[in-house]
$ cat data33.pdb   # PDB, C-alpha atoms
MODEL        1
ATOM      1  CA  MET A   1      -3.232  -8.834  11.225
ATOM      2  CA  ILE A   2      -0.477  -6.675   9.739
ATOM      3  CA  THR A   3      -0.378  -3.004   8.838
ATOM      4  CA  GLU A   4       2.132  -2.280   6.126
ATOM      5  CA  LEU A   5       3.367   1.171   5.128
ATOM      6  CA  VAL A   6       4.873   1.481   1.663
ATOM      7  CA  PHE A   7       6.590   4.718   0.600
ATOM      8  CA  PHE A   8       8.225   5.520  -2.721
ATOM      9  CA  ASP A   9       9.585   8.608  -4.422
ATOM     10  CA  LEU A  10       7.641   9.890  -7.395
ATOM     11  CA  PRO A  11       9.059  11.789 -10.362
ATOM     12  CA  LYS A  12       9.638  15.449  -9.454
ATOM     13  CA  GLY A  13       6.728  17.629 -10.479
ATOM     14  CA  ILE A  14       4.184  14.815 -10.737
ATOM     15  CA  THR A  15       0.673  16.133 -10.215
ATOM     16  CA  ARG A  16      -2.104  14.664  -8.115
ATOM     17  CA  GLU A  17      -3.962  13.726 -11.306
ATOM     18  CA  GLU A  18      -0.904  11.950 -12.744
ATOM     19  CA  ALA A  19      -0.399  10.038  -9.505
ATOM     20  CA  MET A  20      -4.098   9.066  -9.493
ATOM     21  CA  ALA A  21      -3.787   7.726 -13.050
ATOM     22  CA  LYS A  22      -0.842   5.546 -12.024
ATOM     23  CA  TYR A  23      -2.618   4.353  -8.872
ATOM     24  CA  ARG A  24      -5.763   3.443 -10.790
ATOM     25  CA  GLN A  25      -3.720   1.015 -12.913
ATOM     26  CA  SER A  26      -3.044  -1.104  -9.827
ATOM     27  CA  ILE A  27      -6.619  -1.274  -8.524
ATOM     28  CA  PRO A  28      -7.406  -4.622 -10.233
ATOM     29  CA  THR A  29      -4.417  -6.219  -8.460
ATOM     30  CA  TRP A  30      -5.693  -5.229  -5.046
ATOM     31  CA  SER A  31      -9.491  -5.145  -5.362
ATOM     32  CA  GLY A  32      -9.817  -8.894  -5.783
ATOM     33  CA  ASN A  33      -7.072  -9.852  -3.347
ATOM     34  CA  GLU A  34      -8.501 -12.097  -0.611
ATOM     35  CA  ASP A  35      -5.442 -11.592   1.637
ATOM     36  CA  LEU A  36      -5.860  -7.804   1.692
ATOM     37  CA  LEU A  37      -8.417  -6.271   4.039
ATOM     38  CA  HIS A  38      -7.906  -2.590   3.166
ATOM     39  CA  LYS A  39      -5.608  -0.414   1.093
ATOM     40  CA  ALA A  40      -5.336   3.372   1.094
ATOM     41  CA  TYR A  41      -3.209   5.155  -1.505
ATOM     42  CA  PHE A  42      -1.477   8.374  -0.441
ATOM     43  CA  PHE A  43       0.296  11.239  -2.183
ATOM     44  CA  ASP A  44       2.444  14.164  -1.052
ATOM     45  CA  GLU A  45       2.856  16.563  -3.966
ATOM     46  CA  GLU A  46       5.306  18.821  -2.125
ATOM     47  CA  LYS A  47       7.692  15.935  -1.353
ATOM     48  CA  SER A  48       7.004  14.020  -4.607
ATOM     49  CA  GLN A  49       6.212  10.981  -2.501
ATOM     50  CA  GLY A  50       3.539   8.342  -2.783
ATOM     51  CA  GLY A  51       2.620   4.973  -1.439
ATOM     52  CA  GLY A  52       0.009   2.966   0.345
ATOM     53  CA  VAL A  53      -1.216   1.737   3.688
ATOM     54  CA  TYR A  54      -2.171  -1.939   3.594
ATOM     55  CA  LEU A  55      -4.062  -3.962   6.158
ATOM     56  CA  TRP A  56      -3.252  -7.647   5.620
ATOM     57  CA  LYS A  57      -4.705 -10.797   7.179
ATOM     58  CA  SER A  58      -1.190 -12.029   8.010
ATOM     59  CA  ALA A  59       2.516 -11.264   7.771
ATOM     60  CA  GLU A  60       2.873 -14.168   5.349
ATOM     61  CA  ALA A  61       0.337 -12.538   2.999
ATOM     62  CA  ALA A  62       2.190  -9.214   3.159
ATOM     63  CA  ARG A  63       5.476 -10.937   2.295
ATOM     64  CA  ARG A  64       3.887 -12.944  -0.528
ATOM     65  CA  TRP A  65       2.223  -9.948  -2.211
ATOM     66  CA  HIS A  66       5.097  -7.535  -1.686
ATOM     67  CA  GLY A  67       7.863  -9.776  -2.904
ATOM     68  CA  GLU A  68      10.244  -9.266  -5.789
ATOM     69  CA  GLU A  69       7.499  -8.930  -8.432
ATOM     70  CA  PHE A  70       5.880  -6.058  -6.500
ATOM     71  CA  LEU A  71       9.248  -4.361  -5.939
ATOM     72  CA  LYS A  72      10.041  -4.602  -9.638
ATOM     73  CA  ARG A  73       6.630  -3.165 -10.575
ATOM     74  CA  VAL A  74       7.127  -0.159  -8.261
ATOM     75  CA  ARG A  75      10.591   0.454  -9.711
ATOM     76  CA  THR A  76       9.178   0.315 -13.247
ATOM     77  CA  VAL A  77       6.026   2.404 -12.711
ATOM     78  CA  TYR A  78       7.371   5.001 -10.271
ATOM     79  CA  GLY A  79      11.111   4.924 -10.926
ATOM     80  CA  SER A  80      12.195   4.415  -7.333
ATOM     81  CA  GLU A  81      12.861   1.798  -4.700
ATOM     82  CA  PRO A  82       9.942   1.242  -2.311
ATOM     83  CA  ARG A  83      10.493   1.485   1.439
ATOM     84  CA  ILE A  84       8.329  -0.971   3.358
ATOM     85  CA  THR A  85       7.559  -1.134   7.063
ATOM     86  CA  CYS A  86       5.491  -4.004   8.523
ATOM     87  CA  LEU A  87       3.765  -3.524  11.872
ATOM     88  CA  ASP A  88       1.699  -5.824  14.053
ATOM     89  CA  THR A  89      -1.854  -4.453  14.171
ATOM     90  CA  LEU A  90      -3.069  -4.343  17.766
ATOM     91  CA  ILE A  91      -6.442  -2.592  17.564
ATOM     92  CA  VAL A  92      -8.637  -1.542  14.633
ATOM     93  CA  VAL A  93     -11.257   1.168  15.018
ATOM     94  CA  ASP A  94     -13.682   1.015  12.085
ATOM     95  CA  ASN A  95     -16.049   3.969  12.139
ATOM     96  CA  VAL A  96     -17.836   2.779   8.986
ATOM     97  CA  THR A  97     -19.053  -0.437  10.611
ATOM     98  CA  GLY A  98     -18.955   0.899  14.155
ATOM     99  CA  GLN A  99     -16.672  -1.927  15.260
ATOM    100  CA  VAL A 100     -13.532  -2.030  17.342
ATOM    101  CA  SER A 101     -11.487  -5.219  17.086
ATOM    102  CA  GLU A 102      -8.324  -6.649  18.556
ATOM    103  CA  PRO A 103      -7.047  -9.052  15.899
ATOM    104  CA  ALA A 104      -4.895 -12.052  16.649
ATOM    105  CA  PRO A 105      -1.137 -11.459  16.141
ATOM    106  CA  GLY A 106      -0.175 -11.323  12.464
TER     107      GLY A 106
ENDMDL
END

$ encode --input "data33.pdb" --output "structure tokens"
Amino acid sequence: MITELVFFDLPKGITREEAMAKYRQSIPTWSGNEDLLHKAYFFDEEKSQGGGVYLWKSAEAARRWHGEEFLKRVRTVYGSEPRITCLDTLIVVDNVTGQVSEPAPG
């Protein structure tokens, strides 16, 4: 399992509501994605920064879905180059299901 952090700069002065509208456009891409376990969108109005935290089934899935097409889409929609960090997920604490898991290496 892989945790991926994606950061990108947003246009200066963008509001929370404007960021939400842009984020909502991408929901169909991610909601039906069988390789993606979880995605959380984030926003920092003060820094004009946005992005997402992704929990993928594998490193291969993360690479496949965040390839050149994804990079181009971020550049087009948000006007900046995304910065991506991939991390091996060692332990997941899920308070919704009450489970703690130690996934196999990504």

$ resolve_selection --input "data33.pdb" --expression "the PyMOL selection byres ((chain A and resi 7) around 9)" --output "mmCIF file with C-alpha atoms, in the frame of the given file"
data_model
loop_
_atom_site.group_PDB
_atom_site.id
_atom_site.type_symbol
_atom_site.label_atom_id
_atom_site.label_comp_id
_atom_site.auth_asym_id
_atom_site.auth_seq_id
_atom_site.Cartn_x
_atom_site.Cartn_y
_atom_site.Cartn_z
ATOM 1 C CA LEU A 5 3.367 1.171 5.128
ATOM 2 C CA VAL A 6 4.873 1.481 1.663
ATOM 3 C CA PHE A 8 8.225 5.520 -2.721
ATOM 4 C CA ASP A 9 9.585 8.608 -4.422
ATOM 5 C CA PHE A 42 -1.477 8.374 -0.441
ATOM 6 C CA GLN A 49 6.212 10.981 -2.501
ATOM 7 C CA GLY A 50 3.539 8.342 -2.783
ATOM 8 C CA GLY A 51 2.620 4.973 -1.439
ATOM 9 C CA GLY A 52 0.009 2.966 0.345
ATOM 10 C CA VAL A 53 -1.216 1.737 3.688
ATOM 11 C CA GLU A 81 12.861 1.798 -4.700
ATOM 12 C CA PRO A 82 9.942 1.242 -2.311
ATOM 13 C CA ARG A 83 10.493 1.485 1.439
ATOM 14 C CA ILE A 84 8.329 -0.971 3.358
ATOM 15 C CA THR A 85 7.559 -1.134 7.063
#

$ resolve_selection --input "data33.pdb" --expression "the PyMOL selection byres ((chain A and resi 93-105) around 9)" --output "VMD selection string"
chain A and resid 1 to 2 58 88 to 92 106

$ closest_residue --input "data33.pdb" --among "A:Ala21, A:Glu46, A:Ala62, A:Arg16" --to "Asn33 of chain A" --atoms "all atoms listed in the file"
A:Ala62

$ residues_around --input "data33.pdb" --residues "Leu10 of chain A" --least-positions-apart "4" --cutoff "8 Å" --atoms "only C-alpha atoms" --output "ChimeraX atom specification"
/A:14,48-50,78-80

$ closest_residue --input "data33.pdb" --among "A:Thr3, A:Arg73, A:Cys86, A:Glu68" --to "Ser26 of chain A" --atoms "only C-alpha atoms"
A:Arg73

$ closest_residue --input "data33.pdb" --among "A:Leu37, A:Leu71, A:Val77, A:Met20" --to "Lys57 of chain A" --atoms "all atoms listed in the file"
A:Leu37

$ closest_residue --input "data33.pdb" --among "A:Lys22, A:Gly13, A:Leu36, A:Leu87" --to "Val74 of chain A" --atoms "all atoms listed in the file"
A:Lys22

$ atom_distance --input "data33.pdb" --atom1 "atom CA of His38 of chain A" --atom2 "atom CA of Glu69 of chain A"
20.3 Å

$ atom_distance --input "data33.pdb" --atom1 "atom CA of Trp30 of chain A" --atom2 "atom CA of Lys12 of chain A"
26.1 Å

$ build_atoms --input "data33.pdb" --residues "segment 27-63 of chain A" --atoms "N, CA and C atoms" --output "tab-separated table (two decimals), keeping the file's coordinate frame"
chain	number	residue	atom	x	y	z
A	27	ILE	N	-5.40	-0.89	-9.25
A	27	ILE	CA	-6.62	-1.27	-8.52
A	27	ILE	C	-7.03	-2.73	-8.79
A	28	PRO	N	-7.00	-3.22	-10.02
A	28	PRO	CA	-7.41	-4.62	-10.23
A	28	PRO	C	-6.56	-5.63	-9.45
A	29	THR	N	-5.29	-5.33	-9.24
A	29	THR	CA	-4.42	-6.22	-8.46
A	29	THR	C	-4.90	-6.35	-7.03
A	30	TRP	N	-5.36	-5.25	-6.46
A	30	TRP	CA	-5.69	-5.23	-5.05
A	30	TRP	C	-7.17	-5.46	-4.76
A	31	SER	N	-8.06	-5.07	-5.67
A	31	SER	CA	-9.49	-5.14	-5.36
A	31	SER	C	-10.00	-6.57	-5.24
A	32	GLY	N	-9.39	-7.51	-5.88
A	32	GLY	CA	-9.82	-8.89	-5.78
A	32	GLY	C	-8.94	-9.75	-4.89
A	33	ASN	N	-8.05	-9.13	-4.15
A	33	ASN	CA	-7.07	-9.85	-3.35
A	33	ASN	C	-7.69	-10.29	-2.01
A	34	GLU	N	-7.85	-11.58	-1.82
A	34	GLU	CA	-8.50	-12.10	-0.61
A	34	GLU	C	-7.64	-11.98	0.65
A	35	ASP	N	-6.34	-11.76	0.48
A	35	ASP	CA	-5.44	-11.59	1.64
A	35	ASP	C	-5.43	-10.16	2.17
A	36	LEU	N	-5.91	-9.22	1.36
A	36	LEU	CA	-5.86	-7.80	1.69
A	36	LEU	C	-7.21	-7.35	2.23
A	37	LEU	N	-7.18	-6.76	3.43
A	37	LEU	CA	-8.42	-6.27	4.04
A	37	LEU	C	-8.73	-4.85	3.59
A	38	HIS	N	-7.73	-3.99	3.57
A	38	HIS	CA	-7.91	-2.59	3.17
A	38	HIS	C	-6.61	-2.08	2.55
A	39	LYS	N	-6.76	-1.14	1.62
A	39	LYS	CA	-5.61	-0.41	1.09
A	39	LYS	C	-6.02	1.03	0.90
A	40	ALA	N	-5.15	1.94	1.33
A	40	ALA	CA	-5.34	3.37	1.09
A	40	ALA	C	-4.09	3.88	0.37
A	41	TYR	N	-4.30	4.54	-0.75
A	41	TYR	CA	-3.21	5.16	-1.50
A	41	TYR	C	-2.98	6.57	-0.96
A	42	PHE	N	-1.73	7.00	-0.87
A	42	PHE	CA	-1.48	8.37	-0.44
A	42	PHE	C	-0.50	9.07	-1.38
A	43	PHE	N	-0.49	10.41	-1.27
A	43	PHE	CA	0.30	11.24	-2.18
A	43	PHE	C	0.68	12.53	-1.47
A	44	ASP	N	1.96	12.89	-1.57
A	44	ASP	CA	2.44	14.16	-1.05
A	44	ASP	C	3.11	14.90	-2.21
A	45	GLU	N	2.37	15.85	-2.79
A	45	GLU	CA	2.86	16.56	-3.97
A	45	GLU	C	4.12	17.37	-3.66
A	46	GLU	N	4.17	18.00	-2.49
A	46	GLU	CA	5.31	18.82	-2.12
A	46	GLU	C	6.60	18.01	-2.04
A	47	LYS	N	6.52	16.79	-1.51
A	47	LYS	CA	7.69	15.94	-1.35
A	47	LYS	C	7.89	14.97	-2.53
A	48	SER	N	6.97	14.99	-3.49
A	48	SER	CA	7.00	14.02	-4.61
A	48	SER	C	7.11	12.60	-4.06
A	49	GLN	N	6.20	12.29	-3.15
A	49	GLN	CA	6.21	10.98	-2.50
A	49	GLN	C	4.82	10.36	-2.57
A	50	GLY	N	4.80	9.07	-2.75
A	50	GLY	CA	3.54	8.34	-2.78
A	50	GLY	C	3.68	7.04	-2.05
A	51	GLY	N	2.58	6.28	-2.06
A	51	GLY	CA	2.62	4.97	-1.44
A	51	GLY	C	1.26	4.50	-1.02
A	52	GLY	N	1.26	3.54	-0.11
A	52	GLY	CA	0.01	2.97	0.34
A	52	GLY	C	0.10	2.44	1.76
A	53	VAL	N	-1.07	2.36	2.38
A	53	VAL	CA	-1.22	1.74	3.69
A	53	VAL	C	-2.06	0.49	3.46
A	54	TYR	N	-1.52	-0.65	3.83
A	54	TYR	CA	-2.17	-1.94	3.59
A	54	TYR	C	-2.52	-2.58	4.93
A	55	LEU	N	-3.68	-3.18	4.99
A	55	LEU	CA	-4.06	-3.96	6.16
A	55	LEU	C	-4.23	-5.40	5.67
A	56	TRP	N	-3.31	-6.26	6.07
A	56	TRP	CA	-3.25	-7.65	5.62
A	56	TRP	C	-3.79	-8.59	6.68
A	57	LYS	N	-4.26	-9.76	6.25
A	57	LYS	CA	-4.70	-10.80	7.18
A	57	LYS	C	-3.54	-11.37	7.97
A	58	SER	N	-2.34	-11.41	7.34
A	58	SER	CA	-1.19	-12.03	8.01
A	58	SER	C	0.12	-11.46	7.46
A	59	ALA	N	1.19	-11.67	8.22
A	59	ALA	CA	2.52	-11.26	7.77
A	59	ALA	C	2.93	-12.06	6.54
A	60	GLU	N	2.54	-13.32	6.50
A	60	GLU	CA	2.87	-14.17	5.35
A	60	GLU	C	2.25	-13.60	4.08
A	61	ALA	N	1.01	-13.14	4.17
A	61	ALA	CA	0.34	-12.54	3.00
A	61	ALA	C	1.06	-11.27	2.55
A	62	ALA	N	1.46	-10.44	3.49
A	62	ALA	CA	2.19	-9.21	3.16
A	62	ALA	C	3.49	-9.55	2.44
A	63	ARG	N	4.22	-10.53	2.94
A	63	ARG	CA	5.48	-10.94	2.30
A	63	ARG	C	5.22	-11.50	0.90
